[in-house]
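Asker: Just so it is clear, I am handing over data.pdb, which has PDB, C-alpha atoms and all ligand atoms.
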ATOM      1  CA  MET W  24      68.527  79.770 165.371
ATOM      2  CA  HIS W  25      67.636  81.001 161.917
ATOM      3  CA  GLU W  26      69.207  77.956 160.256
ATOM      4  CA  PHE W  27      67.172  75.528 162.288
ATOM      5  CA  SER W  28      63.780  76.834 161.213
ATOM      6  CA  THR W  29      64.959  77.167 157.621
ATOM      7  CA  MET W  30      66.186  73.578 157.601
ATOM      8  CA  GLN W  31      62.940  72.394 159.149
ATOM      9  CA  GLN W  32      61.101  74.032 156.280
ATOM     10  CA  ILE W  33      63.461  72.517 153.706
ATOM     11  CA  ILE W  34      63.014  69.026 155.131
ATOM     12  CA  ASN W  35      59.241  69.445 155.224
ATOM     13  CA  THR W  36      59.236  70.467 151.561
ATOM     14  CA  VAL W  37      61.521  67.605 150.596
ATOM     15  CA  LEU W  38      59.439  65.038 152.459
ATOM     16  CA  GLU W  39      56.255  66.395 150.933
ATOM     17  CA  GLU W  40      57.751  66.077 147.453
ATOM     18  CA  ALA W  41      58.929  62.575 148.237
ATOM     19  CA  LYS W  42      55.429  61.621 149.336
ATOM     20  CA  LYS W  43      53.972  62.686 145.986
ATOM     21  CA  TYR W  44      56.166  60.104 144.285
ATOM     22  CA  ASN W  45      55.829  57.470 146.996
ATOM     23  CA  ALA W  46      59.558  57.613 147.502
ATOM     24  CA  LYS W  47      61.104  55.150 149.906
ATOM     25  CA  LYS W  48      64.349  56.906 150.431
ATOM     26  CA  ILE W  49      66.048  60.202 149.695
ATOM     27  CA  TYR W  50      69.630  59.941 148.503
ATOM     28  CA  LYS W  51      70.690  63.477 147.984
ATOM     29  CA  ILE W  52      69.542  67.045 148.527
ATOM     30  CA  VAL W  53      71.253  69.947 146.785
ATOM     31  CA  LEU W  54      70.601  73.435 148.089
ATOM     32  CA  GLU W  55      71.501  76.794 146.634
ATOM     33  CA  ILE W  56      71.863  79.434 149.291
ATOM     34  CA  GLY W  57      72.510  83.075 148.532
ATOM     35  CA  GLU W  58      75.177  84.763 150.628
ATOM     36  CA  LEU W  59      72.771  87.545 151.603
ATOM     37  CA  THR W  60      70.518  85.088 153.415
ATOM     38  CA  PHE W  61      73.233  84.935 156.118
ATOM     39  CA  LEU W  62      72.542  81.255 156.579
ATOM     40  CA  GLY W  63      75.643  79.492 157.840
ATOM     41  CA  GLU W  64      76.637  76.342 156.025
ATOM     42  CA  GLU W  65      77.879  74.589 159.155
ATOM     43  CA  GLN W  66      74.738  75.481 161.079
ATOM     44  CA  LEU W  67      72.536  74.238 158.232
ATOM     45  CA  LYS W  68      74.377  70.925 158.153
ATOM     46  CA  PHE W  69      74.150  70.646 161.903
ATOM     47  CA  ALA W  70      70.398  71.269 161.823
ATOM     48  CA  PHE W  71      70.022  68.766 158.995
ATOM     49  CA  ASP W  72      71.787  66.039 160.963
ATOM     50  CA  ILE W  73      69.331  66.456 163.820
ATOM     51  CA  LEU W  74      66.146  66.953 161.810
ATOM     52  CA  LYS W  75      66.674  64.110 159.340
ATOM     53  CA  GLU W  76      66.612  61.514 162.138
ATOM     54  CA  GLY W  77      63.790  59.038 161.706
ATOM     55  CA  THR W  78      62.773  60.323 158.271
ATOM     56  CA  ILE W  79      63.394  58.790 154.854
ATOM     57  CA  ALA W  80      66.088  61.442 154.394
ATOM     58  CA  GLU W  81      68.113  59.932 157.213
ATOM     59  CA  GLU W  82      70.891  58.731 154.938
ATOM     60  CA  ALA W  83      70.690  61.548 152.435
ATOM     61  CA  GLU W  84      73.732  63.517 151.431
ATOM     62  CA  LEU W  85      73.341  67.258 151.834
ATOM     63  CA  VAL W  86      75.140  69.505 149.379
ATOM     64  CA  ILE W  87      75.105  73.252 149.871
ATOM     65  CA  LYS W  88      76.063  75.560 147.028
ATOM     66  CA  LYS W  89      76.701  79.158 147.934
ATOM     67  CA  ILE W  90      75.495  81.803 145.527
ATOM     68  CA  LYS W  91      77.523  84.985 145.456
ATOM     69  CA  ALA W  92      75.541  88.178 145.675
ATOM     70  CA  ARG W  93      75.275  90.356 142.618
ATOM     71  CA  ILE W  94      74.073  93.937 142.458
ATOM     72  CA  LYS W  95      72.983  96.200 139.644
ATOM     73  CA  CYS W  96      72.892  99.985 139.547
ATOM     74  CA  LYS W  97      71.058 102.465 137.348
ATOM     75  CA  CYS W  98      74.417 103.894 136.281
ATOM     76  CA  GLY W  99      75.194 100.646 134.534
ATOM     77  CA  TYR W 100      77.392  99.056 137.160
ATOM     78  CA  GLU W 101      76.819  95.388 137.760
ATOM     79  CA  GLY W 102      78.964  93.187 139.899
ATOM     80  CA  TYR W 103      79.648  91.460 143.152
ATOM     81  CA  VAL W 104      79.024  92.909 146.561
ATOM     82  CA  GLU W 105      81.941  94.326 148.477
ATOM     83  CA  TYR W 106      82.389  93.699 152.153
ATOM     84  CA  GLY W 107      83.173  96.085 154.935
ATOM     85  CA  ILE W 108      84.285  95.362 158.475
ATOM     86  CA  LYS W 109      82.764  96.918 161.536
ATOM     87  CA  ASP W 110      85.782  97.460 163.742
ATOM     88  CA  ASP W 111      84.183  97.198 167.149
ATOM     89  CA  PHE W 112      82.720  93.747 166.583
ATOM     90  CA  HIS W 113      84.899  92.483 163.746
ATOM     91  CA  LEU W 114      81.700  91.911 161.891
ATOM     92  CA  VAL W 115      81.865  91.497 158.171
ATOM     93  CA  PHE W 116      78.891  92.940 156.361
ATOM     94  CA  PRO W 117      77.995  93.407 152.715
ATOM     95  CA  ILE W 118      77.891  96.905 151.273
ATOM     96  CA  ILE W 119      74.698  97.138 149.250
ATOM     97  CA  LYS W 120      75.672 100.305 147.442
ATOM     98  CA  CYS W 121      77.113 101.113 144.056
ATOM     99  CA  PRO W 122      80.912 101.381 144.296
ATOM    100  CA  ILE W 123      80.892 103.828 141.359
ATOM    101  CA  CYS W 124      78.151 106.332 142.162
ATOM    102  CA  ASN W 125      77.277 105.338 145.737
ATOM    103  CA  ASN W 126      73.589 104.996 144.888
ATOM    104  CA  GLU W 127      71.097 102.414 146.061
ATOM    105  CA  VAL W 128      71.291  99.273 143.990
ATOM    106  CA  GLU W 129      69.081  96.410 143.003
ATOM    107  CA  ILE W 130      70.009  92.976 144.332
ATOM    108  CA  VAL W 131      70.063  90.614 141.386
ATOM    109  CA  ARG W 132      71.278  87.515 143.170
ATOM    110  CA  GLY W 133      72.214  86.437 146.650
ATOM    111  CA  ARG W 134      68.908  86.160 148.442
ATOM    112  CA  GLU W 135      67.852  82.807 147.068
ATOM    113  CA  CYS W 136      67.133  79.746 149.095
ATOM    114  CA  LEU W 137      66.454  76.975 146.666
ATOM    115  CA  ILE W 138      66.140  73.231 146.772
ATOM    116  CA  LYS W 139      67.993  72.826 143.535
ATOM    117  CA  LYS W 140      67.769  69.103 143.293
ATOM    118  CA  MET W 141      66.684  66.051 145.203
ATOM    119  CA  GLU W 142      67.305  62.435 144.372
ATOM    120  CA  MET W 143      65.041  59.753 145.693
ATOM    121  CA  GLU W 144      64.219  56.117 145.320
ATOM    122  CA  VAL W 145      60.794  55.434 143.871
ATOM    123  CA  GLU W 146      58.835  52.345 142.814
ATOM    124  CA  ASN W 147      60.502  51.967 139.437
ATOM    125  CA  GLY W 148      63.989  53.210 140.150
ATOM    126  CA  LYS W 149      65.456  56.575 140.804
ATOM    127  CA  LYS W 150      63.894  59.949 140.385
ATOM    128  CA  GLU W 151      65.323  63.429 140.306
ATOM    129  CA  ASN W 152      63.373  66.507 141.090
ATOM    130  CA  ARG W 153      64.499  70.036 140.413
ATOM    131  CA  GLY W 154      63.886  73.566 141.505
ATOM    132  CA  LYS W 155      61.772  74.263 144.568
ATOM    133  CA  ASP W 156      61.922  77.221 146.864
ATOM    134  CA  CYS W 157      62.895  76.453 150.449
TER     135      CYS W 157
HETATM  136 ZN    ZN G 201      75.968 103.300 140.177
END
Output the structure of this file as C-alpha cells.
Answerer:
Amino acid sequence: MHEFSTMQQIINTVLEEAKKYNAKKIYKIVLEIGELTFLGEEQLKFAFDILKEGTIAEEAELVIKKIKARIKCKCGYEGYVEYGIKDDFHLVFPIIKCPICNNEVEIVRGRECLIKKMEMEVENGKKENRGKDC
C-alpha cells in the first residue's frame, strides 16, 4: 500500500522534528497532498491510526488538505487538470495535456506531499512548526 509507506515516512519526519524540540506530545498534523500523488485520504488516515500507536502522536489530529493539480502550457494556457474515464475499468485519470493545443504541459501543482504544519507541546508551552516535505 502506497499510503502506508508514505504515512510511515511522514510520522518518522514528524517524530524527528518533535525530538529536536523535546516535545512531549503532538497535537495536530496538517498535510497538503497534491491530487496527482494518487494518495487516498481515507487510506492515509487509516495508516495514521495504526502507525501513531505508542508514539507521542497517538492523540494527534490529522488534517489532510487536497491540492488541486494545475498545469501550464507554452501556448499560454494555465488551469486545472481535466479528467477522463477509462470505460473498461471505470477508472478516472487526469489528462496531462493542454486542452487548447493538445501539447505536453508542465505540472505546476498537484504533486506535492507536504507536512504543512505540526503543533506540539514543548517545555515552555506550545510550538508550531511549518513546511517540511513528507
Ligand atoms: Zn497549449
Asker: With all atoms listed in the file as the atoms that count, which of W:Arg153, W:Asn147, W:Ile119, W:Gly99 lies nearest to ligand ZN 201 (chain G)?
Answerer: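 Comparing W:Arg153, W:Asn147, W:Ile119, W:Gly99 against ligand ZN 201 (chain G), the winner is W:Gly99.
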Asker: Under the rule of at most 9 Å, produce a per-residue listing of chain W near ligand ZN 201 (chain G): chain, number, name, the closest pair of atoms, and the distance in Å, as a tab-separated table, using all atoms listed in the file.
Answerer:
residue	atom	partner	partner_atom	distance
W:Lys95	CA	G:ZN201	ZN	7.7
W:Cys96	CA	G:ZN201	ZN	4.6
W:Lys97	CA	G:ZN201	ZN	5.7
W:Cys98	CA	G:ZN201	ZN	4.2
W:Gly99	CA	G:ZN201	ZN	6.3
W:Tyr100	CA	G:ZN201	ZN	5.4
W:Glu101	CA	G:ZN201	ZN	8.3
W:Lys120	CA	G:ZN201	ZN	7.9
W:Cys121	CA	G:ZN201	ZN	4.6
W:Pro122	CA	G:ZN201	ZN	6.7
W:Ile123	CA	G:ZN201	ZN	5.1
W:Cys124	CA	G:ZN201	ZN	4.2
W:Asn125	CA	G:ZN201	ZN	6.1
W:Asn126	CA	G:ZN201	ZN	5.5
W:Glu127	CA	G:ZN201	ZN	7.7
W:Val128	CA	G:ZN201	ZN	7.3
Asker: Counting all atoms listed in the file, which residues of range 58-100 of chain W fall within 9 Å of range 27-46 of chain W, and what is the closest atom pair for each with its distance in Å at one decimal, ordered by chain and rising number, as JSON lines?
Answerer:
{"residue": "W:Leu62", "atom": "CA", "partner": "W:Thr29", "partner_atom": "CA", "distance": 8.7}
{"residue": "W:Gln66", "atom": "CA", "partner": "W:Phe27", "partner_atom": "CA", "distance": 7.7}
{"residue": "W:Leu67", "atom": "CA", "partner": "W:Met30", "partner_atom": "CA", "distance": 6.4}
{"residue": "W:Lys68", "atom": "CA", "partner": "W:Met30", "partner_atom": "CA", "distance": 8.6}
{"residue": "W:Phe69", "atom": "CA", "partner": "W:Phe27", "partner_atom": "CA", "distance": 8.5}
{"residue": "W:Ala70", "atom": "CA", "partner": "W:Phe27", "partner_atom": "CA", "distance": 5.4}
{"residue": "W:Phe71", "atom": "CA", "partner": "W:Met30", "partner_atom": "CA", "distance": 6.3}
{"residue": "W:Leu74", "atom": "CA", "partner": "W:Gln31", "partner_atom": "CA", "distance": 6.9}
{"residue": "W:Lys75", "atom": "CA", "partner": "W:Ile34", "partner_atom": "CA", "distance": 7.4}
{"residue": "W:Thr78", "atom": "CA", "partner": "W:Leu38", "partner_atom": "CA", "distance": 8.2}
{"residue": "W:Ile79", "atom": "CA", "partner": "W:Leu38", "partner_atom": "CA", "distance": 7.8}
{"residue": "W:Ala80", "atom": "CA", "partner": "W:Leu38", "partner_atom": "CA", "distance": 7.8}
Asker: Would you mind reading off the distance between CA of Cys157 in chain W and CA of Cys136 in chain W, one decimal, in Å?
Answerer: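 Between these atoms lies a distance of 5.5 Å.
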Asker: May I ask for the distance between CA of Gly63 in chain W and CA of Gly77 in chain W, given in Å to one decimal place?
Answerer: 24.0 Å
Asker: With only C-alpha atoms as the atoms that count, which of W:Arg93, W:Lys150, W:Lys155, W:Arg134 lies nearest to Gly57 in chain W?
Answerer: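 Looking at the shortest contact to Gly57 in chain W, the residue is W:Arg134.
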Asker: Run the PyMOL selection byres (((chain W and resi 56) around 9) and not hetatm) mentally over the shown coordinates, then write out the matched residues as a PyMOL selection string, using the chain letters and numbers from the document.
Answerer: chain W and resi 54-55+57-62+64+87-91+133-138
Asker: May I ask for the distance between CA of Ile49 in chain W and CA of Glu144 in chain W, given in Å to one decimal place?
Answerer: 6.3 Å
Asker: Considering all atoms listed in the file, state which residue in the set W:Lys149, W:Glu76, W:Gly107, W:Lys139 is at the smallest distance from Tyr50 in chain W.
Answerer: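 Result for the nearest residue to Tyr50 in chain W: W:Lys149.
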Asker: Quick one: of W:Val115, W:Gly154, W:Glu146, W:Val104, who's nearest to Lys48 in chain W, counting only C-alpha atoms?
Answerer: W:Glu146
Asker: Would you mind telling me which residue in W:Tyr103, W:Glu26, W:Ala83, W:Ile108 lies nearest to Val131 in chain W when using only C-alpha atoms?
Answerer: W:Tyr103
Asker: Take the PyMOL selection byres (((chain W and resi 52) around 6) and not hetatm), run it mentally on this structure, and tell me the resulting residues as a list in words.
Answerer: Lys51, Val53, Leu85, Lys140 and Met141 of chain W
Asker: I need the residue nearest Ile130 in chain W from this list: W:Ala92, W:Val86, W:Val145, W:Ile73. Use only C-alpha atoms for the distance.
Answerer: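 That would be W:Ala92, the residue with the smallest distance to Ile130 in chain W.
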